[in-house]
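Asker: So I've got this file, structure_21.txt, and it contains compact mmCIF, C-alpha atoms:
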```
# COMPACT_ATOMS: atom_id res chain seq x y z
CA MET G 1 -95.75 -53.94 52.38
CA PHE G 2 -94.85 -57.39 53.69
CA LEU G 3 -92.57 -59.79 51.86
CA PRO G 4 -94.64 -62.85 50.90
CA ASP G 5 -94.65 -65.63 53.49
CA THR G 6 -92.58 -63.58 55.96
CA ARG G 7 -93.10 -61.07 58.77
CA ILE G 8 -90.68 -58.64 57.11
CA GLU G 9 -92.34 -55.27 56.54
CA VAL G 10 -90.72 -53.02 53.94
CA ILE G 11 -91.34 -49.37 54.75
CA HIS G 12 -89.01 -47.69 52.25
CA PRO G 13 -88.43 -50.03 49.29
CA GLU G 14 -86.09 -47.60 47.55
CA PHE G 15 -83.14 -48.33 49.88
CA PRO G 16 -79.89 -49.34 48.09
CA ARG G 17 -79.20 -53.06 47.74
CA GLY G 18 -76.11 -55.18 47.37
CA ARG G 19 -73.61 -52.71 48.83
CA VAL G 20 -73.34 -53.65 52.54
CA ARG G 21 -69.78 -53.67 53.87
CA ALA G 22 -70.35 -53.33 57.66
CA ALA G 23 -73.12 -54.02 60.19
CA LEU G 24 -73.90 -52.13 63.38
CA PHE G 25 -76.05 -53.55 66.19
CA ASP G 26 -77.74 -52.13 69.22
CA PHE G 27 -77.71 -54.65 72.09
CA ASP G 28 -80.66 -54.61 74.51
CA GLY G 29 -83.86 -55.60 72.72
CA THR G 30 -82.00 -56.02 69.43
CA LEU G 31 -79.85 -59.03 70.37
CA SER G 32 -80.16 -59.44 74.14
CA LEU G 33 -83.23 -60.02 76.29
CA ILE G 34 -81.30 -60.12 79.57
CA ARG G 35 -82.64 -56.68 80.51
CA GLU G 36 -86.24 -57.41 79.53
CA GLY G 37 -88.50 -55.48 81.88
CA TRP G 38 -86.06 -52.65 82.59
CA PRO G 39 -88.84 -49.97 82.38
CA GLU G 40 -90.56 -51.75 85.26
CA VAL G 41 -87.48 -50.89 87.33
CA MET G 42 -86.62 -47.43 86.04
CA ILE G 43 -90.09 -45.88 85.97
CA PRO G 44 -91.15 -46.75 89.56
CA MET G 45 -87.74 -45.60 90.84
CA MET G 46 -88.24 -42.22 89.18
CA VAL G 47 -91.83 -41.93 90.34
CA ASN G 48 -90.67 -42.46 93.93
CA HIS G 49 -88.23 -39.56 93.62
CA LEU G 50 -90.85 -37.26 92.09
CA ALA G 51 -93.48 -38.25 94.67
CA ASN G 52 -91.11 -37.05 97.40
CA THR G 53 -91.22 -33.49 96.04
CA ALA G 54 -93.93 -30.89 96.68
CA THR G 55 -95.88 -32.06 93.61
CA THR G 56 -99.65 -32.42 93.81
CA GLU G 57 -99.65 -35.06 91.06
CA GLY G 58 -100.76 -38.57 91.94
CA ARG G 59 -98.56 -41.58 91.28
CA ASP G 60 -100.52 -42.57 88.16
CA GLU G 61 -100.05 -39.12 86.65
CA LEU G 62 -96.37 -39.14 87.56
CA SER G 63 -95.97 -42.59 86.06
CA ARG G 64 -97.43 -41.44 82.73
CA SER G 65 -95.15 -38.42 82.69
CA VAL G 66 -92.08 -40.49 83.50
CA GLU G 67 -92.93 -43.18 80.96
CA GLU G 68 -93.16 -40.56 78.22
CA PHE G 69 -89.65 -39.20 78.69
CA VAL G 70 -88.05 -42.53 79.58
CA MET G 71 -89.24 -44.13 76.34
CA ARG G 72 -88.55 -40.99 74.29
CA LEU G 73 -84.93 -41.08 75.43
CA ASN G 74 -84.57 -44.85 75.07
CA GLY G 75 -81.56 -45.71 72.92
CA LYS G 76 -79.50 -42.83 74.26
CA GLN G 77 -77.17 -43.40 77.16
CA THR G 78 -79.00 -44.09 80.42
CA ILE G 79 -77.54 -40.91 81.91
CA TYR G 80 -79.82 -38.79 79.70
CA GLN G 81 -82.90 -40.30 81.32
CA MET G 82 -81.36 -39.47 84.69
CA ILE G 83 -80.58 -35.90 83.63
CA GLN G 84 -84.25 -35.56 82.72
CA LEU G 85 -85.23 -37.00 86.10
CA ALA G 86 -83.11 -34.37 87.86
CA ASP G 87 -84.83 -31.66 85.79
CA GLU G 88 -88.27 -33.06 86.68
CA VAL G 89 -87.42 -33.10 90.41
CA LYS G 90 -86.25 -29.49 90.20
CA LYS G 91 -89.39 -28.44 88.30
CA ARG G 92 -91.47 -29.80 91.17
CA GLY G 93 -89.58 -27.85 93.82
CA GLY G 94 -87.28 -30.66 94.92
CA THR G 95 -83.51 -30.74 95.25
CA PRO G 96 -82.24 -33.29 92.74
CA HIS G 97 -79.33 -35.64 93.21
CA GLU G 98 -76.57 -35.72 90.63
CA PRO G 99 -77.74 -37.65 87.53
CA LEU G 100 -74.84 -40.07 87.97
CA GLU G 101 -76.13 -40.91 91.45
CA TYR G 102 -79.56 -41.69 90.01
CA LYS G 103 -77.94 -43.86 87.35
CA HIS G 104 -76.06 -45.91 89.93
CA GLU G 105 -79.25 -46.35 91.96
CA TYR G 106 -81.04 -47.61 88.85
CA HIS G 107 -78.23 -50.03 88.01
CA ASP G 108 -78.34 -51.45 91.54
CA LEU G 109 -82.11 -51.98 91.32
CA LEU G 110 -81.92 -53.47 87.83
CA TRP G 111 -79.16 -55.84 88.90
CA GLN G 112 -81.50 -57.24 91.54
CA ARG G 113 -83.88 -58.13 88.70
CA ILE G 114 -81.40 -59.55 86.19
CA SER G 115 -78.48 -60.93 88.21
CA GLY G 116 -80.15 -64.34 88.38
CA ARG G 117 -80.48 -64.40 84.59
CA VAL G 118 -76.79 -63.65 84.11
CA ALA G 119 -75.77 -66.21 86.74
CA ALA G 120 -77.96 -68.88 85.10
CA LEU G 121 -76.41 -68.15 81.70
CA GLU G 122 -72.91 -68.40 83.12
CA ALA G 123 -73.79 -71.65 84.92
CA GLY G 124 -75.36 -73.09 81.79
CA THR G 125 -78.70 -73.70 83.50
CA THR G 126 -80.59 -71.28 81.22
CA PRO G 127 -80.34 -71.78 77.44
CA ILE G 128 -78.70 -68.80 75.77
CA GLU G 129 -81.39 -68.77 73.08
CA SER G 130 -84.08 -68.04 75.67
CA LEU G 131 -82.47 -64.67 76.43
CA THR G 132 -81.73 -63.54 72.89
CA VAL G 133 -83.99 -62.14 70.20
CA PRO G 134 -84.89 -65.22 68.09
CA GLY G 135 -82.50 -65.76 65.20
CA SER G 136 -79.78 -63.46 66.60
CA ARG G 137 -76.99 -66.01 66.55
CA GLY G 138 -77.90 -67.19 63.07
CA LEU G 139 -77.81 -63.61 61.78
CA LEU G 140 -74.39 -62.94 63.31
CA GLU G 141 -73.06 -66.23 61.96
CA GLN G 142 -74.37 -65.51 58.47
CA LEU G 143 -72.91 -62.00 58.39
CA THR G 144 -69.57 -63.29 59.70
CA ALA G 145 -69.51 -66.01 57.02
CA ARG G 146 -70.05 -63.27 54.45
CA LYS G 147 -66.96 -61.40 55.73
CA CYS G 148 -69.09 -58.51 57.00
CA PRO G 149 -67.42 -56.84 60.02
CA LEU G 150 -69.76 -56.45 63.01
CA TYR G 151 -69.93 -53.57 65.48
CA LEU G 152 -72.02 -53.18 68.64
CA ALA G 153 -73.00 -49.83 70.19
CA SER G 154 -75.20 -49.67 73.29
CA GLY G 155 -76.55 -46.93 75.53
CA THR G 156 -75.96 -49.27 78.48
CA ASP G 157 -72.69 -48.86 80.38
CA LEU G 158 -69.78 -50.56 78.65
CA VAL G 159 -68.79 -52.77 81.58
CA PHE G 160 -72.30 -54.27 81.72
CA VAL G 161 -72.53 -54.67 77.94
CA GLN G 162 -69.21 -56.54 77.82
CA ASN G 163 -70.29 -58.84 80.65
CA GLU G 164 -73.68 -59.60 79.10
CA VAL G 165 -72.26 -60.12 75.60
CA ARG G 166 -69.92 -62.72 77.12
CA ALA G 167 -72.77 -64.34 79.06
CA LEU G 168 -74.66 -64.79 75.77
CA ALA G 169 -71.50 -66.10 74.07
CA LEU G 170 -71.73 -63.41 71.40
CA ASP G 171 -68.37 -61.79 72.09
CA ARG G 172 -66.53 -63.71 69.35
CA PHE G 173 -68.64 -62.01 66.70
CA PHE G 174 -67.64 -58.48 67.73
CA GLY G 175 -64.12 -58.82 69.12
CA THR G 176 -62.95 -55.37 70.22
CA HIS G 177 -65.78 -53.60 68.39
CA ILE G 178 -68.07 -53.35 71.44
CA TYR G 179 -68.97 -49.83 72.54
CA GLY G 180 -71.07 -48.68 75.47
CA ALA G 181 -71.80 -45.75 77.74
CA ILE G 182 -69.17 -44.28 80.04
CA ASP G 183 -69.51 -41.94 83.03
CA ASP G 184 -67.89 -39.20 80.93
CA TYR G 185 -71.02 -39.34 78.81
CA GLN G 186 -70.16 -36.41 76.55
CA ASN G 187 -67.34 -38.48 75.04
CA PHE G 188 -69.59 -41.32 73.89
CA SER G 189 -72.68 -41.56 71.76
CA LYS G 190 -74.00 -43.86 69.08
CA LYS G 191 -73.65 -40.96 66.68
CA MET G 192 -69.93 -40.76 67.47
CA VAL G 193 -69.50 -44.51 66.94
CA ILE G 194 -71.28 -44.38 63.60
CA GLU G 195 -69.36 -41.34 62.39
CA ARG G 196 -66.06 -42.97 63.34
CA LEU G 197 -67.07 -46.24 61.68
CA VAL G 198 -68.10 -44.50 58.46
CA GLY G 199 -64.89 -42.49 58.43
CA GLN G 200 -62.52 -45.36 59.18
CA LEU G 201 -64.07 -47.72 56.62
CA LYS G 202 -64.80 -44.92 54.14
CA LEU G 203 -68.37 -46.15 53.82
CA GLU G 204 -70.53 -44.80 51.03
CA PRO G 205 -74.37 -44.64 51.13
CA GLY G 206 -75.85 -48.12 51.40
CA GLU G 207 -72.65 -49.72 52.71
CA LEU G 208 -73.66 -49.64 56.39
CA ILE G 209 -76.56 -51.69 57.70
CA GLY G 210 -77.86 -51.03 61.20
CA PHE G 211 -80.10 -53.13 63.45
CA GLY G 212 -81.86 -51.56 66.43
CA ASP G 213 -85.05 -51.41 68.47
CA GLY G 214 -84.63 -47.77 69.52
CA TYR G 215 -85.22 -44.42 67.88
CA VAL G 216 -81.65 -43.15 68.22
CA GLU G 217 -79.70 -45.83 66.38
CA ILE G 218 -82.20 -45.95 63.51
CA GLN G 219 -82.10 -42.18 63.12
CA GLU G 220 -78.30 -42.09 63.17
CA VAL G 221 -77.88 -44.98 60.72
CA LYS G 222 -80.21 -43.22 58.29
CA ARG G 223 -78.38 -39.93 58.79
CA ALA G 224 -75.15 -41.74 57.81
CA GLY G 225 -76.74 -43.05 54.60
CA GLY G 226 -77.15 -46.60 55.88
CA ILE G 227 -79.91 -49.19 55.65
CA ALA G 228 -81.91 -49.18 58.90
CA ILE G 229 -83.52 -52.40 60.14
CA GLY G 230 -86.01 -51.64 62.90
CA VAL G 231 -86.35 -54.56 65.32
CA ALA G 232 -89.81 -54.24 66.88
CA SER G 233 -89.17 -57.11 69.26
CA ASP G 234 -91.64 -58.28 71.88
CA GLU G 235 -89.07 -58.87 74.60
CA LYS G 236 -91.43 -60.54 77.07
CA HIS G 237 -93.02 -63.13 74.77
CA ARG G 238 -90.20 -63.51 72.19
CA THR G 239 -92.72 -63.57 69.34
CA GLY G 240 -94.77 -61.06 67.39
CA ILE G 241 -94.46 -57.31 66.96
CA ASN G 242 -94.28 -54.68 69.66
CA ALA G 243 -96.65 -52.09 68.14
CA TRP G 244 -95.25 -49.16 70.12
CA LYS G 245 -91.70 -49.94 68.99
CA ARG G 246 -92.87 -50.34 65.40
CA GLU G 247 -94.42 -46.87 65.32
CA ARG G 248 -91.35 -45.25 66.86
CA LEU G 249 -88.99 -47.07 64.50
CA ILE G 250 -90.99 -45.98 61.47
CA GLN G 251 -90.95 -42.39 62.77
CA ALA G 252 -87.15 -42.65 63.09
CA GLY G 253 -86.87 -43.64 59.42
CA ALA G 254 -86.53 -47.43 59.46
CA ASP G 255 -86.40 -48.95 55.98
CA ILE G 256 -87.50 -52.39 57.17
CA ILE G 257 -89.36 -53.60 60.27
CA VAL G 258 -88.88 -57.11 61.66
CA PRO G 259 -90.05 -58.68 64.94
CA ASP G 260 -86.92 -60.87 65.11
CA TYR G 261 -84.60 -62.70 62.70
CA ARG G 262 -86.57 -65.86 62.04
CA ASP G 263 -86.97 -64.88 58.36
CA LEU G 264 -83.20 -64.58 58.06
CA ASP G 265 -82.60 -65.84 54.52
CA ALA G 266 -85.33 -63.61 53.11
CA LEU G 267 -83.98 -60.59 55.01
CA LEU G 268 -80.43 -61.06 53.73
CA GLU G 269 -81.68 -61.57 50.20
CA LEU G 270 -83.82 -58.44 50.47
CA VAL G 271 -80.88 -56.20 51.36
CA GLY G 272 -78.66 -57.91 48.81
CA ILE G 273 -76.08 -59.50 51.09
CA ALA G 274 -74.62 -62.25 48.92
CA LYS G 275 -74.14 -65.81 50.09
CA PRO G 276 -70.51 -66.77 50.79
CA GLN G 277 -68.61 -68.48 48.04
CA ALA G 278 -68.64 -72.28 48.32
```
For this file, produce the structure as structure tokens.

Answerer:
Amino acid sequence: MFLPDTRIEVIHPEFPRGRVRAALFDFDGTLSLIREGWPEVMIPMMVNHLANTATTEGRDELSRSVEEFVMRLNGKQTIYQMIQLADEVKKRGGTPHEPLEYKHEYHDLLWQRISGRVAALEAGTTPIESLTVPGSRGLLEQLTARKCPLYLASGTDLVFVQNEVRALALDRFFGTHIYGAIDDYQNFSKKMVIERLVGQLKLEPGELIGFGDGYVEIQEVKRAGGIAIGVASDEKHRTGINAWKRERLIQAGADIIVPDYRDLDALLELVGIAKPQA
């Protein structure tokens, strides 16, 4: 069901309204478009490693196999995709590198793709809005004006998240509440962040709202009793719905699907976040 005159799709209309006390955001694809195209870096890198084993699979077949697990694990820390890569190399008779070594290789390759974007943002030669999901800043401003504390949890390494949040001039909205992956990956997960947030703020069902374009954050927000906004963003074109994301987000339990935040007033009204007092 779509709200009239909007692109807001309501999947589970029975979600609680008017109770939100805190908001949690994923970063890449939910707010930031700096890393748009990352699968075009990760998947070929992994295919190269698998092609160097004793496998009889062709590159197209390997690419399909890699794409399946890469996208299935999207939203978790990057290291989990690399752990899977090591398992796939071993299955094909190869000797895998340490997953952390694969992760560093991927980061180096991705940086070649996105470093110019970050530099252009920092130099002011690329408009910030061109590398954010449309309406992101307005949403953060509106939630801040409503005294709703904001938290950010990303599967990308913390040092990169902090740098890219600053490059997009979004750091003031989150302050110290920016969380990202660490090499000691067993001591960080979005689930841990959410559980700590719920515990510290003593959040009841319906008091947490979560925004994300990946399976993991939507699933964990729902598990914590929150309202899950699935952001099926088309990162390349910055308009319209990414159908693959939409299906995955619905499978994860999203209450609402949006392509971006252009229908901001209607979205806030739908979830019952009151306007600030004049």

Asker: Tell me, in Å to one decimal, how far atom CA of Arg21 of chain G is from atom CA of Leu268 of chain G.

Answerer: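 These atoms are spaced 13.0 Å apart.
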
Asker: Around (-84.6, -55.5, 51.4) in the file's own coordinates, what residues are found within 12 Å if you use only C-alpha atoms, given back as a PyMOL selection string?

Answerer: chain G and resi 1-3+8-20+206+209+227-229+254-258+263-273

Asker: Using only C-alpha atoms, pick whichever of G:Ala120, G:Ile83, G:Leu24, G:Met192 has the shortest atom-to-atom distance to Phe173 of chain G.

Answerer: G:Leu24

Asker: Find the residue from G:Arg137, G:Lys147, G:Arg248, G:Arg64 that sits nearest to Ala23 of chain G; use all atoms listed in the file when measuring.

Answerer: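 Of G:Arg137, G:Lys147, G:Arg248, G:Arg64, the one nearest Ala23 of chain G is G:Lys147, counting all atoms listed in the file.
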
Asker: Provide the atom CA of Phe174 of chain G to atom CA of Ser115 of chain G distance in Å, to one decimal place.

Answerer: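 Distance between the two atoms: 23.3 Å.
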
Asker: Tell me, in Å to one decimal, how far atom CA of Gly253 of chain G is from atom CA of Gly225 of chain G.

Answerer: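 One can read the atom CA of Gly253 of chain G to atom CA of Gly225 of chain G distance as 11.2 Å.
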
Asker: G:Tyr261, G:Phe27, G:Tyr215, G:Trp244: which is nearest Arg72 of chain G, counting only C-alpha atoms?

Answerer: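 Under the stated criterion, the closest residue is G:Tyr215.
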
Asker: Let me make sure I understand: among G:Thr95, G:Gln77, G:Ser130, G:Gln112, which one has the smallest atom-to-atom distance to Val41 of chain G if we use only C-alpha atoms?

Answerer: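 With only C-alpha atoms as the atom set, the closest residue is G:Gln112.
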
Asker: Counting all atoms listed in the file, which residue out of G:Leu168, G:Arg92, G:Lys76, G:Glu61 sits closest to Val133 of chain G?

Answerer: G:Leu168
